[in-house]
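Next comes query07.cif, with mmCIF, C-alpha atoms.
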data_entry
loop_
_atom_site.label_atom_id
_atom_site.label_comp_id
_atom_site.auth_asym_id
_atom_site.auth_seq_id
_atom_site.Cartn_x
_atom_site.Cartn_y
_atom_site.Cartn_z
CA MET A 85 18.77 13.24 -0.71
CA SER A 86 16.33 11.56 1.68
CA ALA A 87 13.16 9.92 0.39
CA GLY A 88 11.06 12.58 2.15
CA ARG A 89 12.99 15.45 0.53
CA CYS A 90 12.90 13.64 -2.79
CA ARG A 91 9.12 13.28 -2.57
CA ALA A 92 8.74 16.93 -1.65
CA GLY A 93 10.84 17.95 -4.65
CA VAL A 94 8.83 15.84 -7.07
CA ALA A 95 5.58 17.08 -5.52
CA ALA A 96 6.59 20.72 -5.92
CA ALA A 97 7.44 20.13 -9.57
CA VAL A 98 3.96 18.85 -10.38
CA VAL A 99 1.66 20.58 -7.90
CA VAL A 100 -0.27 22.14 -10.77
CA MET A 101 -1.44 18.65 -11.73
CA ILE A 102 -3.45 18.34 -8.51
CA GLY A 103 -5.68 21.20 -9.54
CA ALA A 104 -6.18 19.64 -12.96
CA GLY A 105 -7.07 16.30 -11.40
CA CYS A 106 -9.70 17.76 -9.05
CA ALA A 107 -12.01 19.46 -11.52
CA GLY A 108 -15.68 18.43 -11.58
CA ALA A 109 -17.26 15.06 -10.84
CA THR A 110 -20.50 13.32 -11.60
CA SER A 111 -22.63 12.61 -8.56
CA GLY A 112 -23.79 9.09 -7.87
CA GLU A 113 -26.10 7.15 -5.59
CA GLY A 114 -24.86 4.37 -3.33
CA GLY A 115 -25.30 0.94 -4.90
CA ARG A 116 -26.05 2.28 -8.41
CA ALA A 117 -23.94 3.12 -11.41
CA GLY A 118 -23.52 6.88 -11.34
CA SER A 119 -20.29 7.83 -13.07
CA GLY A 120 -21.25 7.25 -16.69
CA ARG A 121 -17.91 5.49 -17.35
CA GLY A 122 -19.08 1.91 -16.90
CA ALA A 123 -19.18 2.04 -13.11
CA ALA A 124 -20.66 -1.02 -11.43
CA TRP A 125 -21.57 1.14 -8.42
CA THR A 126 -20.61 4.31 -6.61
CA THR A 127 -21.21 5.09 -2.94
CA PRO A 128 -20.74 8.60 -1.51
CA VAL A 129 -18.49 8.94 1.54
CA ASP A 130 -17.29 12.11 3.21
CA TRP A 131 -13.58 12.86 2.67
CA PRO A 132 -12.00 9.37 2.52
CA PHE A 133 -8.49 9.00 3.94
CA SER A 134 -7.48 5.50 2.81
CA LEU A 135 -8.82 2.28 1.34
CA ALA A 136 -8.07 -1.43 1.62
CA VAL A 137 -9.82 -4.20 -0.32
CA ALA A 138 -9.87 -7.92 0.48
CA GLY A 139 -12.36 -10.47 -0.80
CA ASP A 140 -15.81 -8.87 -0.90
CA ASP A 141 -14.96 -6.09 1.58
CA ALA A 142 -13.76 -2.56 0.91
CA VAL A 143 -12.61 -0.81 4.09
CA VAL A 144 -12.42 2.97 3.91
CA THR A 145 -11.28 5.37 6.63
CA VAL A 146 -13.32 8.56 6.56
CA SER A 147 -12.99 12.12 7.88
CA ARG A 148 -10.66 11.28 10.79
CA ASN A 149 -13.38 9.64 12.89
CA LEU A 150 -15.00 6.79 10.94
CA VAL A 151 -14.25 3.37 9.47
CA VAL A 152 -16.74 2.11 6.89
CA VAL A 153 -16.93 -1.35 5.33
CA LEU A 154 -18.70 -1.72 1.99
CA ASP A 155 -19.83 -4.81 0.11
CA THR A 156 -17.75 -4.76 -3.10
CA VAL A 157 -20.53 -6.48 -5.08
CA ARG A 158 -23.12 -3.69 -4.71
CA GLY A 159 -21.38 -0.94 -2.75
CA ARG A 160 -23.74 -1.24 0.20
CA GLU A 161 -22.53 -0.52 3.73
CA ARG A 162 -21.97 -3.60 5.86
CA TRP A 163 -21.11 -1.63 9.00
CA HIS A 164 -19.35 1.46 10.24
CA ALA A 165 -17.46 2.19 13.45
CA GLU A 166 -16.53 5.48 15.06
CA VAL A 167 -12.76 5.72 15.56
CA ALA A 168 -11.43 9.07 16.71
CA HIS A 169 -8.46 10.47 14.74
CA VAL A 170 -8.10 7.56 12.33
CA THR A 171 -4.97 8.09 10.20
CA HIS A 172 -4.30 7.99 6.45
CA TYR A 173 -2.44 4.67 6.71
CA GLU A 174 -4.07 1.80 4.84
CA PRO A 175 -6.05 -0.60 7.05
CA ALA A 176 -4.84 -4.20 7.32
CA LEU A 177 -7.26 -7.10 6.89
CA ASP A 178 -7.31 -10.82 7.51
CA ALA A 179 -10.21 -13.28 7.70
CA ASP A 180 -11.30 -12.06 11.16
CA THR A 181 -9.89 -8.58 11.71
CA VAL A 182 -9.76 -5.02 10.38
CA LEU A 183 -6.72 -3.30 11.91
CA VAL A 184 -6.54 0.52 11.77
CA SER A 185 -4.17 3.13 13.16
CA ALA A 186 -5.57 6.18 14.94
CA ASP A 187 -3.46 8.95 16.47
CA ASP A 188 -1.26 7.10 19.02
CA ARG A 189 -2.90 3.67 19.01
CA PHE A 190 -4.03 0.70 16.94
CA LEU A 191 -7.52 -0.79 17.01
CA ALA A 192 -8.65 -4.25 15.94
CA LEU A 193 -12.25 -4.43 14.76
CA ASP A 194 -14.23 -7.59 14.09
CA ARG A 195 -14.38 -7.92 10.30
CA ARG A 196 -17.96 -9.22 10.31
CA THR A 197 -19.56 -6.77 12.74
CA GLY A 198 -17.21 -3.85 13.31
CA SER A 199 -17.21 -4.38 17.07
CA LEU A 200 -14.00 -3.45 18.92
CA ARG A 201 -11.85 -6.47 19.72
CA TRP A 202 -8.92 -4.63 21.30
CA GLU A 203 -7.07 -1.33 21.41
CA ALA A 204 -3.30 -0.95 21.85
CA PRO A 205 -1.62 2.40 22.61
CA VAL A 206 1.88 2.93 21.20
CA GLY A 207 2.78 6.24 22.84
CA GLU A 208 3.49 8.14 19.60
CA HIS A 209 2.04 8.67 16.15
CA ALA A 210 0.89 5.31 14.78
CA GLY A 211 2.00 4.27 11.30
CA GLY A 212 1.48 1.34 8.98
CA ALA A 213 0.57 -2.20 10.01
CA ALA A 214 0.14 -5.73 8.66
CA LEU A 215 -1.56 -8.92 9.80
CA ALA A 216 0.06 -12.35 9.59
CA ARG A 217 0.57 -15.59 11.52
CA ALA A 218 3.63 -16.97 13.24
CA GLY A 219 2.85 -20.66 13.18
CA SER A 220 -0.71 -20.89 14.46
CA GLU A 221 -0.55 -17.57 16.33
CA PRO A 222 -2.14 -14.44 14.79
CA ILE A 223 0.20 -11.42 14.83
CA ALA A 224 -0.46 -7.73 14.26
CA LEU A 225 2.81 -6.13 13.16
CA VAL A 226 2.61 -2.38 13.83
CA THR A 227 4.96 0.56 13.30
CA THR A 228 5.18 4.17 14.41
CA GLU A 229 6.46 7.10 12.41
CA ARG A 230 9.35 7.56 14.87
CA GLY A 231 10.77 4.10 14.30
CA GLN A 232 9.09 1.69 16.71
CA VAL A 233 8.20 -1.79 15.44
CA ALA A 234 6.08 -4.13 17.56
CA ALA A 235 4.34 -7.49 17.24
CA LEU A 236 0.99 -7.56 19.02
CA ASP A 237 -0.94 -10.68 19.85
CA GLY A 238 -3.71 -10.83 17.24
CA GLU A 239 -6.29 -12.03 19.77
CA SER A 240 -5.64 -9.59 22.63
CA GLY A 241 -3.42 -6.76 21.35
CA VAL A 242 -0.82 -7.49 24.05
CA ALA A 243 2.75 -6.78 22.88
CA ARG A 244 4.87 -9.88 22.24
CA TRP A 245 8.00 -7.90 21.35
CA SER A 246 9.06 -4.40 20.40
CA VAL A 247 12.17 -2.83 18.87
CA GLN A 248 13.19 0.79 18.32
CA LEU A 249 14.86 1.58 15.00
CA PRO A 250 17.25 4.58 14.75
CA GLY A 251 15.17 6.70 12.39
CA HIS A 252 11.67 7.22 11.05
CA ILE A 253 9.42 4.81 9.15
CA ASP A 254 7.46 6.02 6.13
CA ALA A 255 6.98 2.76 4.25
CA ALA A 256 4.43 0.07 4.96
CA PRO A 257 5.94 -3.07 6.56
CA ALA A 258 5.82 -6.41 4.76
CA VAL A 259 5.06 -9.79 6.34
CA ASP A 260 5.29 -13.40 5.25
CA GLY A 261 3.64 -16.52 6.67
CA GLY A 262 6.82 -18.50 6.07
CA ALA A 263 5.74 -22.12 5.64
CA LEU A 264 9.24 -22.89 4.35
CA THR A 265 11.34 -20.00 5.64
CA GLY A 266 9.65 -19.19 8.97
CA ALA A 267 7.41 -16.18 9.52
CA ALA A 268 9.24 -12.93 8.84
CA ALA A 269 8.72 -9.18 8.60
CA ALA A 270 10.60 -6.59 6.53
CA VAL A 271 10.85 -2.94 7.62
CA GLN A 272 12.61 -0.11 5.79
CA TRP A 273 13.47 3.15 7.56
CA HIS A 274 15.25 6.49 7.09
CA GLY A 275 17.91 7.82 9.44
CA ASP A 276 21.56 8.82 9.25
CA GLU A 277 21.75 5.83 6.89
CA ASP A 278 18.67 4.31 5.27
CA ARG A 279 18.35 0.61 6.02
CA LEU A 280 16.25 -2.49 5.49
CA ARG A 281 15.84 -5.05 8.30
CA VAL A 282 14.24 -8.48 8.24
CA LEU A 283 12.92 -9.71 11.60
CA ASP A 284 11.68 -13.03 12.88
CA LEU A 285 7.96 -12.41 13.32
CA ALA A 286 7.61 -14.65 16.37
CA THR A 287 10.53 -13.26 18.41
CA GLY A 288 11.62 -9.94 16.89
CA ALA A 289 15.17 -11.23 16.41
CA THR A 290 17.04 -9.65 13.51
CA ARG A 291 17.70 -12.10 10.69
CA TRP A 292 19.69 -9.63 8.64
CA GLU A 293 20.00 -5.94 7.90
CA THR A 294 21.47 -3.93 5.04
CA ALA A 295 21.94 -0.35 3.92
CA VAL A 296 19.69 0.80 1.07
CA ASP A 297 19.64 3.85 -1.15
CA PRO A 298 17.40 6.71 0.06
CA GLY A 299 14.96 6.70 -2.87
CA THR A 300 13.27 3.45 -1.93
CA THR A 301 9.84 1.82 -2.17
CA ALA A 302 8.12 -0.09 0.58
CA PRO A 303 9.42 -3.69 0.77
CA LEU A 304 7.57 -6.66 -0.68
CA ILE A 305 8.03 -10.25 0.52
CA GLU A 306 7.30 -12.71 -2.25
CA ARG A 307 8.35 -16.34 -2.73
CA GLY A 308 11.18 -16.31 -0.23
CA GLN A 309 12.68 -13.00 -1.26
CA VAL A 310 12.44 -9.35 -0.25
CA VAL A 311 11.95 -7.04 -3.22
CA LEU A 312 12.09 -3.26 -3.38
CA GLY A 313 12.98 -0.48 -5.76
CA GLU A 314 15.87 1.68 -4.63
CA GLY A 315 17.76 4.64 -6.09
CA ASN A 316 20.29 7.28 -5.08
CA GLY A 317 18.26 10.29 -6.25
CA ASN A 318 20.66 10.86 -9.16
CA PHE A 319 19.24 8.54 -11.84
CA GLU A 320 21.01 5.46 -10.55
CA ALA A 321 18.27 3.05 -9.56
CA ARG A 322 17.28 -0.60 -9.65
CA VAL A 323 14.70 -3.15 -8.58
CA VAL A 324 16.46 -5.66 -6.33
CA ALA A 325 15.60 -8.96 -4.63
CA ARG A 326 17.36 -10.35 -1.57
CA ASP A 327 17.01 -13.80 -0.04
CA LEU A 328 14.53 -13.67 2.83
CA THR A 329 16.61 -15.98 5.04
CA THR A 330 20.15 -14.76 4.41
CA GLY A 331 19.88 -11.31 2.80
CA ALA A 332 22.04 -12.41 -0.13
CA GLU A 333 21.22 -10.54 -3.32
CA ARG A 334 19.44 -12.77 -5.81
CA TRP A 335 18.97 -10.38 -8.72
CA SER A 336 18.61 -6.75 -9.71
CA VAL A 337 17.38 -4.96 -12.83
CA PRO A 338 18.02 -1.31 -13.72
CA ALA A 339 15.38 1.40 -13.43
CA PRO A 340 15.62 4.93 -14.84
CA ALA A 341 14.91 6.89 -11.62
CA SER A 342 14.50 6.64 -7.85
CA PHE A 343 11.40 5.54 -5.96
CA GLU A 344 9.10 6.71 -3.16
CA SER A 345 8.36 5.01 0.16
CA GLY A 346 4.62 5.39 -0.51
CA VAL A 347 4.83 2.95 -3.43
CA VAL A 348 4.08 -0.71 -2.59
CA PRO A 349 5.24 -3.10 -5.37
CA GLY A 350 2.74 -5.63 -6.70
CA ALA A 351 3.24 -9.34 -7.37
CA ASP A 352 1.38 -12.19 -9.04
CA GLY A 353 2.94 -15.48 -10.07
CA ASP A 354 6.47 -14.76 -11.28
CA ASP A 355 5.69 -11.13 -12.09
CA ILE A 356 6.62 -8.16 -9.88
CA ALA A 357 5.65 -4.62 -10.88
CA VAL A 358 6.86 -1.30 -9.50
CA SER A 359 7.00 2.33 -10.64
CA ASP A 360 9.70 4.94 -10.08
CA HIS A 361 8.71 8.44 -8.99
CA PHE A 362 8.75 9.84 -12.54
CA GLY A 363 6.27 7.22 -13.74
CA THR A 364 8.27 4.45 -15.42
CA VAL A 365 6.66 1.11 -14.62
CA THR A 366 8.93 -1.95 -14.61
CA LEU A 367 7.60 -5.50 -14.80
CA VAL A 368 10.15 -8.07 -13.64
CA ASP A 369 10.25 -11.82 -14.17
CA ALA A 370 11.22 -12.67 -10.58
CA ALA A 371 12.06 -16.28 -11.40
CA ARG A 372 14.77 -15.22 -13.87
CA GLY A 373 15.58 -11.77 -12.48
CA THR A 374 15.02 -10.11 -15.85
CA THR A 375 12.97 -7.18 -17.10
CA ARG A 376 9.86 -8.15 -19.06
CA TRP A 377 9.09 -4.54 -20.06
CA GLN A 378 9.36 -0.90 -18.98
CA THR A 379 6.74 1.74 -19.82
CA SER A 380 6.80 5.44 -19.02
CA ILE A 381 3.33 6.73 -18.23
CA ARG A 382 4.75 10.29 -17.98
CA GLU A 383 3.06 11.10 -14.68
CA PRO A 384 4.71 11.22 -11.22
CA ILE A 385 4.01 8.25 -8.95
CA LEU A 386 4.46 9.02 -5.25
CA ASP A 387 1.92 6.96 -3.33
CA THR A 388 0.22 3.85 -4.68
CA ARG A 389 -0.26 0.15 -4.20
CA VAL A 390 0.64 -1.46 -7.53
CA LEU A 391 -1.98 -4.07 -8.48
CA LEU A 392 -1.66 -7.00 -10.87
CA THR A 393 -4.68 -8.58 -12.52
CA ALA A 394 -4.70 -11.52 -14.92
CA ASP A 395 -4.27 -9.09 -17.81
CA GLY A 396 -3.19 -5.78 -16.35
CA VAL A 397 -1.06 -3.64 -14.05
CA VAL A 398 -2.92 -0.87 -12.20
CA LEU A 399 -1.62 2.13 -10.23
CA GLN A 400 -2.62 5.67 -9.25
CA THR A 401 -0.71 8.83 -10.10
CA TYR A 402 0.13 11.96 -8.13
CA GLY A 403 -1.99 13.94 -10.58
CA GLY A 404 -5.15 12.03 -9.69
CA LYS A 405 -5.39 9.47 -12.51
CA ILE A 406 -5.67 5.69 -12.37
CA VAL A 407 -3.60 4.04 -15.10
CA ILE A 408 -4.08 0.50 -16.42
CA LEU A 409 -1.33 -1.16 -18.49
CA ASP A 410 -1.46 -4.40 -20.42
CA ARG A 411 0.40 -7.00 -18.38
CA GLY A 412 1.76 -8.78 -21.41
CA SER A 413 3.16 -5.81 -23.33
CA GLY A 414 3.22 -2.80 -20.99
CA ARG A 415 0.96 -0.85 -23.37
CA ILE A 416 -1.21 1.75 -21.66
CA VAL A 417 -4.78 0.47 -21.92
CA ARG A 418 -6.62 3.20 -20.05
CA ARG A 419 -6.15 6.41 -18.09
CA LEU A 420 -9.14 6.74 -15.81
CA ASP A 421 -9.91 10.25 -14.54
CA PRO A 422 -12.11 9.93 -11.43
CA ALA A 423 -12.66 13.72 -11.35
CA GLY A 424 -11.13 13.95 -7.91
CA PHE A 425 -8.09 12.62 -6.06
CA PRO A 426 -7.83 8.84 -5.51
CA VAL A 427 -6.62 7.83 -2.03
CA GLY A 428 -6.55 4.07 -2.51
CA ILE A 429 -7.16 1.30 -5.05
CA GLY A 430 -8.00 -2.39 -4.79
CA LEU A 431 -9.40 -5.35 -6.72
CA SER A 432 -12.48 -7.49 -6.16
CA ARG A 433 -14.37 -9.83 -8.48
CA GLY A 434 -12.76 -8.49 -11.63
CA ARG A 435 -13.49 -4.90 -10.65
CA LEU A 436 -11.27 -1.99 -9.75
CA ILE A 437 -12.32 -0.41 -6.44
CA PHE A 438 -11.13 3.10 -5.59
CA ALA A 439 -11.84 5.85 -3.08
CA VAL A 440 -11.71 9.48 -4.22
CA ARG A 441 -11.90 12.83 -2.45
CA LEU A 442 -11.98 16.45 -3.64
CA ALA A 443 -14.80 15.27 -5.87
CA ARG A 444 -18.53 15.83 -6.28
CA PRO A 445 -19.33 13.68 -4.40
CA ASP A 446 -16.40 12.17 -2.49
CA ARG A 447 -17.01 8.46 -2.91
CA VAL A 448 -15.95 4.83 -3.22
CA GLU A 449 -16.51 3.40 -6.69
CA ALA A 450 -16.27 0.09 -8.52
CA GLU A 451 -15.27 0.10 -12.20
CA ARG A 452 -15.33 -2.85 -14.54
CA LEU A 453 -11.79 -3.64 -15.66
CA PRO A 454 -11.08 -3.53 -19.40
#

Structure translated into structure tokens:
Amino acid sequence: MSAGRCRAGVAAAVVVMIGAGCAGATSGEGGRAGSGRGAAWTTPVDWPFSLAVAGDDAVVTVSRNLVVVLDTVRGRERWHAEVAHVTHYEPALDADTVLVSADDRFLALDRRTGSLRWEAPVGEHAGGAALARAGSEPIALVTTERGQVAALDGESGVARWSVQLPGHIDAAPAVDGGALTGAAAAVQWHGDEDRLRVLDLATGATRWETAVDPGTTAPLIERGQVVLGEGNGNFEARVVARDLTTGAERWSVPAPASFESGVVPGADGDDIAVSDHFGTVTLVDAARGTTRWQTSIREPILDTRVLLTADGVVLQTYGGKIVILDRGSGRIVRRLDPAGFPVGIGLSRGRLIFAVRLARPDRVEAERLP
């Protein structure tokens, strides 16, 4: 079973939960606490598509034609830019740039002002992207849904290299600065055989490639290894790490079910956290390759960035909840119901930032973490 068919099957089994997750919401005013749940601030936006948080900036794509940047301290708008047909893919941020995909192109916006720095057409539906550096050179790694991977010059948007993979790409790419191993990118795709490839970020040369099971998360590059959850769709699954340079398997730990390509594992220190599509969260000690704990939250997980705080693990569910687990024990600390459907989560200054639609109002909100 392909990851796409697997996701569709899980989605059909729990579609009723969407309706339950979208009932009622408390209105709020931008820059003020308005949710009654300990919100630091809530700022209305119209039909958010995606969210990315870095430092004191929350970048939200809105209603197919707008990119808005909010100050995560107060929720006030820093700037907005009109971008026609912006997609649902999460924006990528570095110190200077906000990179977004829109229809058949990528656009780089100045992070301080929102002014357009460059625009790069890709000739087909744009997908996920990441920003990194190859040595001193800034690189925008971009993908398309039909399997193209390209490295664009971060200053001009001019293509440095491009490769066509024999399938389609659903998962976000991963990049690594590579002080010790050399800058690298990891891309996972679906085709006649699902595969994972690690590329040299400067040249596009393939370092190594391997077949993976079809029920697979997005890849994560962390401390010289590529980590992802993978499963065969028949309750044989694992979280596995491969050496970034050679592809040799370093460790794997069992998981109870397969994964979804919309799930991006989280990492902090030696800890890596990931959830399978039935909602079992696994925290791995990546230094030893052992399971610290596994907790079933009993809600499907199809599309989330897994976040690690000093004390917690945070993720969003298909049914519209945001779940916080204790990082030390795996105990569920809180199930936050935003009274709508969350489309992205992030962390800033000890606060959880999330965007929610199908709510009253649609909004971006900051909640104090427990």

Nearest residue to A:Glu306 out of A:Arg389, A:Arg217, A:Arg326, A:Arg291, using all atoms listed in the file? A:Arg326

Could you expand the PyMOL selection byres ((chain A and resi 331-341) around 6) into the explicit residues it covers here, written as a PyMOL selection string? chain A and resi 319+321-328+330+342+360+373

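Closest approach to A:Ala214 among A:Gly313, A:Pro175, A:Gly346, A:Gly266 is made by A:Pro175 (distances from all atoms listed in the file).
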
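Computed from the coordinates, the atom CA of A:Gly424 to atom CA of A:Thr127 distance equals 14.3 Å.
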
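Taking atom CA of A:Asp254 and atom CA of A:Gly211 as the two end points, the separation is 7.7 Å.
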
The PyMOL selection byres ((chain A and resi 209) around 10) - which residues does that actually catch in the file I just gave you? List them as an MDAnalysis selection string. chainID A and resid 171 185:189 205:208 210:211 227:230 232

Between atom CA of A:Glu203 and atom CA of A:Leu236, what is the distance, to one decimal in Å? 10.5 Å
